[in-house]
Structures are given as structure tokens and as C-alpha cells.
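*Asks:* Data: protein14.cif, mmCIF, C-alpha atoms.
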data_upload
loop_
_atom_site.group_PDB
_atom_site.id
_atom_site.type_symbol
_atom_site.label_atom_id
_atom_site.label_comp_id
_atom_site.auth_asym_id
_atom_site.auth_seq_id
_atom_site.Cartn_x
_atom_site.Cartn_y
_atom_site.Cartn_z
ATOM 1 C CA MET T 1 0.138 10.092 -22.708
ATOM 2 C CA SER T 2 2.171 8.867 -19.779
ATOM 3 C CA LYS T 3 5.687 10.265 -19.609
ATOM 4 C CA LEU T 4 6.985 7.328 -17.591
ATOM 5 C CA THR T 5 7.891 3.831 -18.703
ATOM 6 C CA LEU T 6 8.818 0.958 -16.423
ATOM 7 C CA LYS T 7 9.780 -2.457 -17.694
ATOM 8 C CA THR T 8 11.789 -5.483 -16.723
ATOM 9 C CA GLU T 9 14.697 -6.521 -18.917
ATOM 10 C CA ALA T 10 16.374 -9.959 -19.048
ATOM 11 C CA ASP T 11 16.435 -11.696 -15.652
ATOM 12 C CA THR T 12 17.806 -9.046 -13.347
ATOM 13 C CA HIS T 13 17.141 -5.550 -14.697
ATOM 14 C CA VAL T 14 14.407 -2.975 -14.261
ATOM 15 C CA VAL T 15 14.479 0.016 -16.608
ATOM 16 C CA VAL T 16 12.560 3.230 -15.933
ATOM 17 C CA THR T 17 12.479 6.208 -18.315
ATOM 18 C CA ARG T 18 10.963 9.651 -17.800
ATOM 19 C CA ARG T 19 11.127 12.927 -19.730
ATOM 20 C CA PHE T 20 11.536 16.307 -18.051
ATOM 21 C CA ALA T 21 11.018 19.796 -19.447
ATOM 22 C CA THR T 22 14.294 21.171 -18.040
ATOM 23 C CA SER T 23 17.994 20.707 -18.724
ATOM 24 C CA PRO T 24 20.033 17.643 -17.690
ATOM 25 C CA GLU T 25 21.916 19.919 -15.258
ATOM 26 C CA ALA T 26 18.737 20.779 -13.338
ATOM 27 C CA VAL T 27 17.477 17.187 -13.260
ATOM 28 C CA TYR T 28 20.895 15.949 -12.150
ATOM 29 C CA ARG T 29 20.986 18.512 -9.337
ATOM 30 C CA ALA T 30 17.482 17.501 -8.215
ATOM 31 C CA HIS T 31 18.817 13.928 -7.869
ATOM 32 C CA THR T 32 21.965 14.782 -5.904
ATOM 33 C CA ASP T 33 21.264 17.895 -3.775
ATOM 34 C CA PRO T 34 19.651 16.718 -0.496
ATOM 35 C CA LYS T 35 17.612 19.942 -0.144
ATOM 36 C CA LEU T 36 16.032 19.252 -3.530
ATOM 37 C CA ILE T 37 15.656 15.473 -3.085
ATOM 38 C CA GLN T 38 13.655 16.076 0.105
ATOM 39 C CA LYS T 39 11.078 18.019 -1.880
ATOM 40 C CA TRP T 40 10.029 15.281 -4.269
ATOM 41 C CA LEU T 41 11.293 11.755 -3.466
ATOM 42 C CA LEU T 42 8.428 11.062 -1.074
ATOM 43 C CA GLY T 43 6.221 8.229 -2.296
ATOM 44 C CA PRO T 44 2.575 8.190 -1.229
ATOM 45 C CA GLU T 45 0.665 11.277 -0.061
ATOM 46 C CA GLY T 46 1.391 12.185 3.535
ATOM 47 C CA TRP T 47 4.955 10.819 3.652
ATOM 48 C CA THR T 48 7.942 13.099 4.231
ATOM 49 C CA MET T 49 11.715 12.616 4.239
ATOM 50 C CA PRO T 50 12.955 14.022 7.561
ATOM 51 C CA VAL T 51 16.532 12.790 6.959
ATOM 52 C CA CYS T 52 18.314 13.093 3.620
ATOM 53 C CA ILE T 53 22.040 12.507 3.297
ATOM 54 C CA SER T 54 23.474 12.650 -0.211
ATOM 55 C CA GLU T 55 27.263 13.033 -0.451
ATOM 56 C CA ALA T 56 27.580 13.388 -4.203
ATOM 57 C CA LYS T 57 31.130 12.129 -4.706
ATOM 58 C CA PRO T 58 32.557 8.666 -5.406
ATOM 59 C CA GLY T 59 32.288 6.660 -2.177
ATOM 60 C CA GLY T 60 29.868 9.257 -0.741
ATOM 61 C CA LYS T 61 27.047 8.095 1.509
ATOM 62 C CA ILE T 62 23.343 8.051 0.739
ATOM 63 C CA ARG T 63 20.716 7.809 3.446
ATOM 64 C CA TYR T 64 17.035 8.594 2.982
ATOM 65 C CA GLU T 65 14.573 8.233 5.853
ATOM 66 C CA TRP T 66 10.828 8.398 5.256
ATOM 67 C CA ALA T 67 8.042 8.799 7.796
ATOM 68 C CA ASP T 68 4.273 9.105 7.537
ATOM 69 C CA GLY T 69 3.823 11.111 10.763
ATOM 70 C CA LYS T 70 1.738 8.268 12.206
ATOM 71 C CA GLY T 71 4.624 6.211 13.522
ATOM 72 C CA ARG T 72 5.495 4.353 10.347
ATOM 73 C CA SER T 73 8.945 4.842 8.863
ATOM 74 C CA PHE T 74 11.643 3.086 6.855
ATOM 75 C CA TYR T 75 14.964 4.020 5.347
ATOM 76 C CA LEU T 76 17.353 3.422 2.488
ATOM 77 C CA THR T 77 21.144 3.497 2.523
ATOM 78 C CA GLY T 78 23.623 3.434 -0.320
ATOM 79 C CA GLU T 79 26.903 4.672 -1.735
ATOM 80 C CA TYR T 80 27.781 6.681 -4.811
ATOM 81 C CA LEU T 81 30.170 4.859 -7.135
ATOM 82 C CA GLU T 82 30.564 7.202 -10.123
ATOM 83 C CA LEU T 83 29.348 10.727 -10.884
ATOM 84 C CA GLU T 84 29.641 12.481 -14.230
ATOM 85 C CA PRO T 85 27.993 15.892 -13.813
ATOM 86 C CA TYR T 86 25.408 16.423 -15.335
ATOM 87 C CA ASN T 87 25.142 13.221 -17.251
ATOM 88 C CA ARG T 88 25.350 10.056 -15.255
ATOM 89 C CA ILE T 89 25.184 8.725 -11.700
ATOM 90 C CA VAL T 90 26.057 5.195 -10.625
ATOM 91 C CA HIS T 91 25.196 4.143 -7.091
ATOM 92 C CA VAL T 92 24.150 1.135 -5.023
ATOM 93 C CA GLU T 93 21.211 1.187 -2.630
ATOM 94 C CA ARG T 94 19.315 -1.094 -0.294
ATOM 95 C CA MET T 95 16.085 -0.718 1.624
ATOM 96 C CA HIS T 96 15.947 -1.429 5.359
ATOM 97 C CA LEU T 97 12.590 -2.957 6.193
ATOM 98 C CA PRO T 98 14.249 -3.171 8.732
ATOM 99 C CA ASP T 99 16.420 -6.030 7.406
ATOM 100 C CA PRO T 100 18.487 -4.806 4.451
ATOM 101 C CA THR T 101 17.410 -5.966 0.995
ATOM 102 C CA PRO T 102 20.121 -7.197 -1.420
ATOM 103 C CA ASP T 103 22.021 -4.365 -3.130
ATOM 104 C CA ASN T 104 20.354 -2.696 -6.070
ATOM 105 C CA HIS T 105 22.973 -1.382 -8.511
ATOM 106 C CA VAL T 106 21.555 1.702 -10.222
ATOM 107 C CA GLU T 107 22.811 3.632 -13.238
ATOM 108 C CA THR T 108 20.947 6.886 -13.918
ATOM 109 C CA ARG T 109 21.555 8.727 -17.191
ATOM 110 C CA PHE T 110 20.415 12.257 -18.026
ATOM 111 C CA ASP T 111 20.443 12.812 -21.783
ATOM 112 C CA ALA T 112 19.551 16.095 -23.469
ATOM 113 C CA ASP T 113 16.288 15.669 -25.359
ATOM 114 C CA GLY T 114 15.385 18.811 -27.282
ATOM 115 C CA THR T 115 15.192 21.526 -24.612
ATOM 116 C CA GLY T 116 14.490 18.897 -21.956
ATOM 117 C CA THR T 117 15.962 15.720 -20.540
ATOM 118 C CA LEU T 118 15.407 12.035 -21.048
ATOM 119 C CA MET T 119 16.277 10.233 -17.823
ATOM 120 C CA THR T 120 16.982 6.488 -17.966
ATOM 121 C CA ILE T 121 17.339 4.513 -14.749
ATOM 122 C CA ARG T 122 18.737 1.030 -15.163
ATOM 123 C CA MET T 123 18.610 -1.121 -12.022
ATOM 124 C CA THR T 124 20.492 -4.393 -11.707
ATOM 125 C CA LEU T 125 19.517 -6.852 -9.000
ATOM 126 C CA PRO T 126 21.593 -9.899 -7.968
ATOM 127 C CA ASP T 127 19.059 -12.398 -9.355
ATOM 128 C CA ALA T 128 15.517 -12.825 -10.669
ATOM 129 C CA GLN T 129 14.078 -13.680 -7.236
ATOM 130 C CA THR T 130 15.484 -10.499 -5.712
ATOM 131 C CA ARG T 131 14.085 -8.461 -8.579
ATOM 132 C CA ALA T 132 10.661 -10.021 -8.081
ATOM 133 C CA ALA T 133 10.794 -9.335 -4.352
ATOM 134 C CA MET T 134 11.914 -5.749 -4.975
ATOM 135 C CA LEU T 135 9.037 -5.091 -7.368
ATOM 136 C CA ALA T 136 6.614 -6.585 -4.837
ATOM 137 C CA THR T 137 8.072 -4.467 -2.002
ATOM 138 C CA GLY T 138 8.250 -1.359 -4.148
ATOM 139 C CA MET T 139 4.623 -1.882 -4.938
ATOM 140 C CA GLU T 140 3.835 -2.327 -1.299
ATOM 141 C CA ARG T 141 5.594 0.911 -0.303
ATOM 142 C CA GLY T 142 4.866 3.045 -3.289
ATOM 143 C CA MET T 143 1.363 2.076 -4.147
ATOM 144 C CA GLU T 144 -0.240 2.487 -0.757
ATOM 145 C CA ALA T 145 -2.534 5.300 -1.859
ATOM 146 C CA SER T 146 -3.566 3.461 -5.025
ATOM 147 C CA TYR T 147 -4.103 0.317 -3.035
ATOM 148 C CA ALA T 148 -6.379 2.159 -0.616
ATOM 149 C CA ARG T 149 -8.354 3.448 -3.587
ATOM 150 C CA LEU T 150 -8.679 -0.098 -4.961
ATOM 151 C CA GLU T 151 -9.871 -1.274 -1.580
ATOM 152 C CA ALA T 152 -12.519 1.440 -1.447
ATOM 153 C CA MET T 153 -13.549 0.554 -4.986
ATOM 154 C CA ILE T 154 -13.935 -3.135 -4.200
ATOM 155 C CA GLN T 155 -15.791 -2.500 -0.975
ATOM 156 C CA GLY T 156 -18.112 -0.107 -2.767
ATOM 157 C CA ALA T 157 -18.899 -2.668 -5.507
ATOM 158 C CA MET W 1 -12.313 -14.882 -9.813
ATOM 159 C CA ASN W 2 -13.906 -13.611 -6.595
ATOM 160 C CA LEU W 3 -12.553 -10.069 -6.147
ATOM 161 C CA ASP W 4 -12.992 -10.094 -2.398
ATOM 162 C CA THR W 5 -11.044 -13.335 -1.921
ATOM 163 C CA ALA W 6 -8.413 -12.154 -4.390
ATOM 164 C CA PHE W 7 -8.042 -8.871 -2.561
ATOM 165 C CA SER W 8 -7.531 -10.410 0.874
ATOM 166 C CA ALA W 9 -5.075 -12.886 -0.699
ATOM 167 C CA LEU W 10 -3.110 -9.876 -1.959
ATOM 168 C CA ALA W 11 -3.157 -8.113 1.397
ATOM 169 C CA ASP W 12 -0.072 -10.025 2.550
ATOM 170 C CA PRO W 13 3.381 -8.859 1.364
ATOM 171 C CA THR W 14 4.803 -12.401 1.225
ATOM 172 C CA ARG W 15 1.963 -13.477 -1.024
ATOM 173 C CA ARG W 16 2.537 -10.481 -3.263
ATOM 174 C CA ALA W 17 6.222 -11.392 -3.448
ATOM 175 C CA ILE W 18 5.320 -15.001 -4.308
ATOM 176 C CA LEU W 19 3.125 -13.743 -7.147
ATOM 177 C CA ALA W 20 5.907 -11.481 -8.377
ATOM 178 C CA ARG W 21 8.295 -14.447 -8.309
ATOM 179 C CA LEU W 22 5.825 -16.615 -10.249
ATOM 180 C CA ALA W 23 5.544 -13.853 -12.843
ATOM 181 C CA GLU W 24 9.123 -14.863 -13.738
ATOM 182 C CA GLY W 25 8.006 -18.440 -14.465
ATOM 183 C CA GLU W 26 6.778 -21.528 -12.638
ATOM 184 C CA ALA W 27 8.464 -22.673 -9.447
ATOM 185 C CA THR W 28 8.194 -25.431 -6.841
ATOM 186 C CA VAL W 29 7.441 -24.822 -3.161
ATOM 187 C CA MET W 30 11.113 -25.395 -2.387
ATOM 188 C CA GLU W 31 12.236 -22.800 -4.939
ATOM 189 C CA LEU W 32 9.649 -20.359 -3.644
ATOM 190 C CA ALA W 33 10.633 -20.845 -0.004
ATOM 191 C CA GLU W 34 14.311 -20.087 -0.656
ATOM 192 C CA PRO W 35 14.357 -16.277 -1.060
ATOM 193 C CA PHE W 36 11.809 -15.694 1.693
ATOM 194 C CA GLU W 37 13.654 -17.419 4.527
ATOM 195 C CA MET W 38 10.405 -19.152 5.407
ATOM 196 C CA THR W 39 9.695 -22.798 6.017
ATOM 197 C CA GLN W 40 8.104 -24.812 3.229
ATOM 198 C CA PRO W 41 4.893 -25.378 5.263
ATOM 199 C CA ALA W 42 4.562 -21.616 5.725
ATOM 200 C CA ILE W 43 4.967 -21.059 1.980
ATOM 201 C CA SER W 44 2.537 -23.922 1.268
ATOM 202 C CA GLN W 45 -0.029 -22.178 3.449
ATOM 203 C CA HIS W 46 0.379 -18.948 1.472
ATOM 204 C CA LEU W 47 0.103 -20.894 -1.798
ATOM 205 C CA LYS W 48 -3.119 -22.493 -0.593
ATOM 206 C CA VAL W 49 -4.621 -19.034 -0.025
ATOM 207 C CA LEU W 50 -3.426 -17.888 -3.448
ATOM 208 C CA GLU W 51 -4.838 -21.005 -5.168
ATOM 209 C CA GLU W 52 -8.190 -20.628 -3.430
ATOM 210 C CA ALA W 53 -8.302 -17.029 -4.610
ATOM 211 C CA GLY W 54 -7.734 -18.164 -8.204
ATOM 212 C CA LEU W 55 -4.400 -16.340 -8.513
ATOM 213 C CA VAL W 56 -2.110 -19.392 -8.652
ATOM 214 C CA THR W 57 -2.502 -22.835 -10.143
ATOM 215 C CA HIS W 58 -0.329 -25.962 -10.222
ATOM 216 C CA ARG W 59 0.342 -28.963 -12.398
ATOM 217 C CA VAL W 60 1.490 -32.461 -11.432
ATOM 218 C CA ASP W 61 4.888 -33.556 -12.687
ATOM 219 C CA GLY W 62 5.791 -36.849 -11.014
ATOM 220 C CA THR W 63 6.347 -35.955 -7.377
ATOM 221 C CA ARG W 64 6.700 -32.228 -8.173
ATOM 222 C CA ARG W 65 3.838 -29.788 -8.198
ATOM 223 C CA PRO W 66 5.200 -26.673 -9.850
ATOM 224 C CA ARG W 67 3.081 -23.554 -9.286
ATOM 225 C CA ARG W 68 2.400 -20.880 -11.870
ATOM 226 C CA LEU W 69 0.294 -17.757 -12.152
ATOM 227 C CA ALA W 70 -3.343 -18.326 -13.024
ATOM 228 C CA LYS W 71 -5.119 -15.838 -15.302
ATOM 229 C CA GLY W 72 -6.300 -13.870 -12.272
ATOM 230 C CA GLY W 73 -2.727 -13.736 -10.985
ATOM 231 C CA ILE W 74 -1.467 -12.344 -14.268
ATOM 232 C CA GLU W 75 -4.148 -9.653 -14.174
ATOM 233 C CA ALA W 76 -3.231 -8.847 -10.575
ATOM 234 C CA MET W 77 0.463 -8.480 -11.529
ATOM 235 C CA ASP W 78 -0.447 -6.193 -14.428
ATOM 236 C CA GLN W 79 -2.464 -4.080 -12.061
ATOM 237 C CA TRP W 80 0.455 -3.884 -9.623
ATOM 238 C CA LEU W 81 2.879 -2.772 -12.290
ATOM 239 C CA ALA W 82 0.398 -0.086 -13.310
ATOM 240 C CA MET W 83 0.176 1.038 -9.676
ATOM 241 C CA LEU W 84 3.950 1.075 -9.308
ATOM 242 C CA ARG W 85 4.175 3.264 -12.415
ATOM 243 C CA GLU W 86 1.545 5.525 -10.912
ATOM 244 C CA ALA W 87 3.462 5.776 -7.615
ATOM 245 C CA LEU W 88 6.702 6.640 -9.432
ATOM 246 C CA GLU W 89 4.845 9.127 -11.582
ATOM 247 C CA ARG W 90 3.604 10.864 -8.423
ATOM 248 C CA ASN W 91 7.220 11.433 -7.354
ATOM 249 C CA TYR W 92 8.216 12.708 -10.777
ATOM 250 C CA ASN W 93 5.214 15.025 -11.025
ATOM 251 C CA ARG W 94 6.469 16.580 -7.795
ATOM 252 C CA LEU W 95 9.944 16.771 -9.338
ATOM 253 C CA ASP W 96 8.487 18.622 -12.344
ATOM 254 C CA LYS W 97 7.308 21.329 -9.917
ATOM 255 C CA VAL W 98 10.687 21.452 -8.151
ATOM 256 C CA LEU W 99 12.423 21.856 -11.519
ATOM 257 C CA ALA W 100 10.024 24.609 -12.557
ATOM 258 C CA ASP W 101 10.785 26.463 -9.300
ATOM 259 C CA MET W 102 14.541 26.055 -9.876
ATOM 260 C CA GLY W 103 14.080 27.588 -13.315
ATOM 261 C CA HIS W 104 12.311 30.622 -11.839
ATOM 262 C CA ALA W 105 15.015 31.181 -9.237
ATOM 263 C CA LYS W 106 17.920 33.463 -10.097
ATOM 264 C CA GLN W 107 21.114 31.917 -11.363
ATOM 265 C CA PRO W 108 22.674 30.088 -8.419
ATOM 266 C CA THR W 109 25.507 32.040 -6.835
ATOM 267 C CA ALA W 110 28.546 30.626 -5.118
ATOM 268 C CA LYS W 111 27.087 31.538 -1.755
ATOM 269 C CA ARG W 112 25.237 28.845 0.123
ATOM 270 C CA GLY W 113 22.636 29.027 2.866
ATOM 271 C CA GLN W 114 19.690 30.751 1.261
ATOM 272 C CA LYS W 115 16.949 31.819 3.640
ATOM 273 C CA ARG W 116 13.597 30.035 3.478
#
Using the file provided, produce a representation of the structure as C-alpha cells.
*Replies:*
Amino acid sequence: MSKLTLKTEADTHVVVTRRFATSPEAVYRAHTDPKLIQKWLLGPEGWTMPVCISEAKPGGKIRYEWADGKGRSFYLTGEYLELEPYNRIVHVERMHLPDPTPDNHVETRFDADGTGTLMTIRMTLPDAQTRAAMLATGMERGMEASYARLEAMIQGA
Amino acid sequence: MNLDTAFSALADPTRRAILARLAEGEATVMELAEPFEMTQPAISQHLKVLEEAGLVTHRVDGTRRPRRLAKGGIEAMDQWLAMLREALERNYNRLDKVLADMGHAKQPTAKRGQKR
């Protein structure tokens, strides 16, 4: 059973849900404390986040920089809009590839679910084209390892 | 669908973005060119590769030739979404470990700057 769901909604939304075994407070902290974010928000194997700025207050800056140690890197910037500890975060973000992508407006909810947490991320993009491009780019960045496996599989066939 | 041709067609990020756009519904070359800041001939070239790979098809509607995903394109998009889920899941599996470690740590004190 996969714990994660990802689906598109209407023309401009992407909704991701995931359950965690710990309290909303812990999951919220892992999403706002830069020392904790740097430990897990890394994407494919081999990538690290050498720079992580997360000023968890309204108007606070977000900046994540990723690198693969082989010369490839990219970064994300954003701003926090609303924070309700330990329940809800609203922020905007954009990827720099290196040109900035259109703003992604993100609401993240942490709801108590038994002894754990149900996290719901609701992203809103400016339009359907931007959403499509974001999914394609996200795939490109995030799926590198899977893609390499697919390549090996096809070449081995 | 020839897997090899399909795979090299997918190797280009613009072509992947075109497929993702067509997953939203059919579109003309002009509509496709708009978000990519590319010329129509450049987009047409990408579409040609995608059509030859069996990922995209078109119909004739007067002077328009709207493109849509072919069956192979739909399968490719499904596969991508599955891979994106897998990539996100990798992050969250790491987060599970971070959360478990936080749980084992003593109650956080007001003091900052723990040694590592």
C-alpha cells in the first residue's frame, strides 16, 4: 500500500497527500526548520541541499539550493505567507532553472490522524499550461533515478 | 509503439512538457508554442518526433491540425506520474526516518546549538 497520493484537480491544482506516524507538531517542524529540511528534501539519490534558508514567519524568505556534487545544481526561492503552528503553512515558491518558473501557491495542512498526521499539500498554478510544465519539470528533476532505471531496462530488453 | 524511438522522443524536456500539456486536452501548434517561448517551427519539429514515436497524433479540422496524445503518449504520461510519485515518496521515506530520530531525541530545550 502506497502512503502517498498525487492527483491533479480542476485546471490548476495538484494535490498530494501523505500519512506520517508522528504528531502534526513534528511534521510541521520538519517542514519549517532548515536543519531538518536539509535532511530529507533532497530528490534523487546523490543530491544534497548545501543551502537551506527557511524564515518561518509571514513574509519570511525560503531558499533551497540542491547540488549533485558533479557540477549540476538548481535552486528554489519563495516566501511564507501564513503560518499556523502546527497546522497549516501557506507559501509561494518558484524554481530557477535558471529562469524562474511562474509562482506556485502552496497550502500545506497537517491534520491529526489517530496518533499520526495526514499531510495535504494543495498547489495552485496560474494556469493549466503552467501546471503541465511544472509536472513535466518535476518529473525531470525528481525522477532522474527512476528514469535511469527505465533506460537500463529498455537497453537490456 | 517502438520503445526505443519512444524513449529517445522522451529524452527532451520540451517534448515531455508538450506531452504533459496535451494530457490536458488537444491543442494546436500555436497554442503549444505559447508557454514554451519557442517558435512554431521549433515546436513543429518536436511534434514531428513525438508523432513518429507514436506518442502524439493529429486530426484535420479545416486549416487546423489539433494534436492530441496517442495511446502510447497516455501510457507514457501514466508512467511519468508513477515516477513522480515514486520520487516524492523517496523524500518522504527519508522524512519518516528524520521524524523517528526526532521522537528518540529528548524533549527539545530552549537552548539552541546542539553539537553534532
*Asks:* Which residue gives the smallest distance to chain T among W:Ala9, W:Ile18, W:Val60, W:Val49, with only C-alpha atoms counted?
*Replies:* W:Ile18
*Asks:* Near Gly59 in chain T, counting only C-alpha atoms, which residues have an atom at most 10 Å away, once you skip same-chain residues fewer than 6 positions from it, shown as JSON, numbers by chain?
*Replies:* {"T": [78, 79, 80, 81, 82, 91]}
*Asks:* Name the residues captured by the PyMOL selection byres ((chain W) within 6 of (chain T)) when it is applied to the shown file; answer as an MDAnalysis selection string.
*Replies:* chainID W and resid 16:17 20:21 83:84 87 91 94:95
*Asks:* At what distance in Å, to one decimal, does CA of Ala82 in chain W lie from CA of Glu31 in chain W?
*Replies:*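 Taking CA of Glu31 in chain W as the start and CA of Ala82 in chain W as the end point, the length is 26.9 Å.
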*Asks:* Ranking T:Ala10, T:Thr101, T:Cys52, T:Ile121 by minimum distance to Pro35 in chain W and counting all atoms listed in the file, which one comes first?
*Replies:*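 The closest residue to Pro35 in chain W is T:Thr101.
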*Asks:* Excluding same-chain residues fewer than 5 positions from Pro102 in chain T, what lies within 9 Å of it counting only C-alpha atoms, as a count of residues only?
*Replies:* 6
*Asks:* For the file shown, report as a list in words the outcome of the PyMOL selection byres ((chain W and resi 57) around 12) at residue level.
*Replies:*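 Written out, the selection comes to Leu19, Leu22, Glu26, Ala27, Thr28, Leu47, Lys48, Val49, Leu50, Glu51, Glu52, Ala53, Gly54, Leu55, Val56, His58, Arg59, Val60, Arg65, Pro66, Arg67, Arg68, Leu69, Ala70, Lys71, Gly72, Gly73 and Ile74 of chain W.
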*Asks:* Just write the chosen residues, C-alpha atoms, as an mmCIF file, in the coordinates of the input.
*Replies:*
data_model
loop_
_atom_site.group_PDB
_atom_site.id
_atom_site.type_symbol
_atom_site.label_atom_id
_atom_site.label_comp_id
_atom_site.auth_asym_id
_atom_site.auth_seq_id
_atom_site.Cartn_x
_atom_site.Cartn_y
_atom_site.Cartn_z
ATOM 1 C CA LEU W 19 3.125 -13.743 -7.147
ATOM 2 C CA LEU W 22 5.825 -16.615 -10.249
ATOM 3 C CA GLU W 26 6.778 -21.528 -12.638
ATOM 4 C CA ALA W 27 8.464 -22.673 -9.447
ATOM 5 C CA THR W 28 8.194 -25.431 -6.841
ATOM 6 C CA LEU W 47 0.103 -20.894 -1.798
ATOM 7 C CA LYS W 48 -3.119 -22.493 -0.593
ATOM 8 C CA VAL W 49 -4.621 -19.034 -0.025
ATOM 9 C CA LEU W 50 -3.426 -17.888 -3.448
ATOM 10 C CA GLU W 51 -4.838 -21.005 -5.168
ATOM 11 C CA GLU W 52 -8.190 -20.628 -3.430
ATOM 12 C CA ALA W 53 -8.302 -17.029 -4.610
ATOM 13 C CA GLY W 54 -7.734 -18.164 -8.204
ATOM 14 C CA LEU W 55 -4.400 -16.340 -8.513
ATOM 15 C CA VAL W 56 -2.110 -19.392 -8.652
ATOM 16 C CA HIS W 58 -0.329 -25.962 -10.222
ATOM 17 C CA ARG W 59 0.342 -28.963 -12.398
ATOM 18 C CA VAL W 60 1.490 -32.461 -11.432
ATOM 19 C CA ARG W 65 3.838 -29.788 -8.198
ATOM 20 C CA PRO W 66 5.200 -26.673 -9.850
ATOM 21 C CA ARG W 67 3.081 -23.554 -9.286
ATOM 22 C CA ARG W 68 2.400 -20.880 -11.870
ATOM 23 C CA LEU W 69 0.294 -17.757 -12.152
ATOM 24 C CA ALA W 70 -3.343 -18.326 -13.024
ATOM 25 C CA LYS W 71 -5.119 -15.838 -15.302
ATOM 26 C CA GLY W 72 -6.300 -13.870 -12.272
ATOM 27 C CA GLY W 73 -2.727 -13.736 -10.985
ATOM 28 C CA ILE W 74 -1.467 -12.344 -14.268
#
*Asks:* What does the structure give for the distance between CA of Arg88 in chain T and CA of Trp47 in chain T, in Å to one decimal?
*Replies:*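 One can read the CA of Arg88 in chain T to CA of Trp47 in chain T distance as 27.8 Å.
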*Asks:* With distances taken over all atoms listed in the file, which residue among W:Glu75, W:Ser44, W:Met30, W:Leu99 lies nearest Tyr28 in chain T?
*Replies:* W:Leu99
*Asks:* Record the distance separating CA of Val90 in chain T and CA of Tyr75 in chain T, expressed in Å with one decimal.
*Replies:*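 Separating CA of Val90 in chain T from CA of Tyr75 in chain T is a distance of 19.5 Å.
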*Asks:* Determine the residue set returned by the PyMOL selection byres ((chain T and resi 107-114) around 6) for the present structure, and present it as a VMD selection string.
*Replies:* chain T and resid 24 87 to 90 106 115 to 122
*Asks:* Can I get the selection written as a PDB file, in the coordinates of the input, with C-alpha atoms?
*Replies:*
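Result written to selection.pdb:
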ATOM      1  CA  PRO T  24      20.033  17.643 -17.690  1.00  0.00           C
ATOM      2  CA  ASN T  87      25.142  13.221 -17.251  1.00  0.00           C
ATOM      3  CA  ARG T  88      25.350  10.056 -15.255  1.00  0.00           C
ATOM      4  CA  ILE T  89      25.184   8.725 -11.700  1.00  0.00           C
ATOM      5  CA  VAL T  90      26.057   5.195 -10.625  1.00  0.00           C
ATOM      6  CA  VAL T 106      21.555   1.702 -10.222  1.00  0.00           C
ATOM      7  CA  THR T 115      15.192  21.526 -24.612  1.00  0.00           C
ATOM      8  CA  GLY T 116      14.490  18.897 -21.956  1.00  0.00           C
ATOM      9  CA  THR T 117      15.962  15.720 -20.540  1.00  0.00           C
ATOM     10  CA  LEU T 118      15.407  12.035 -21.048  1.00  0.00           C
ATOM     11  CA  MET T 119      16.277  10.233 -17.823  1.00  0.00           C
ATOM     12  CA  THR T 120      16.982   6.488 -17.966  1.00  0.00           C
ATOM     13  CA  ILE T 121      17.339   4.513 -14.749  1.00  0.00           C
ATOM     14  CA  ARG T 122      18.737   1.030 -15.163  1.00  0.00           C
TER      15      ARG T 122
END
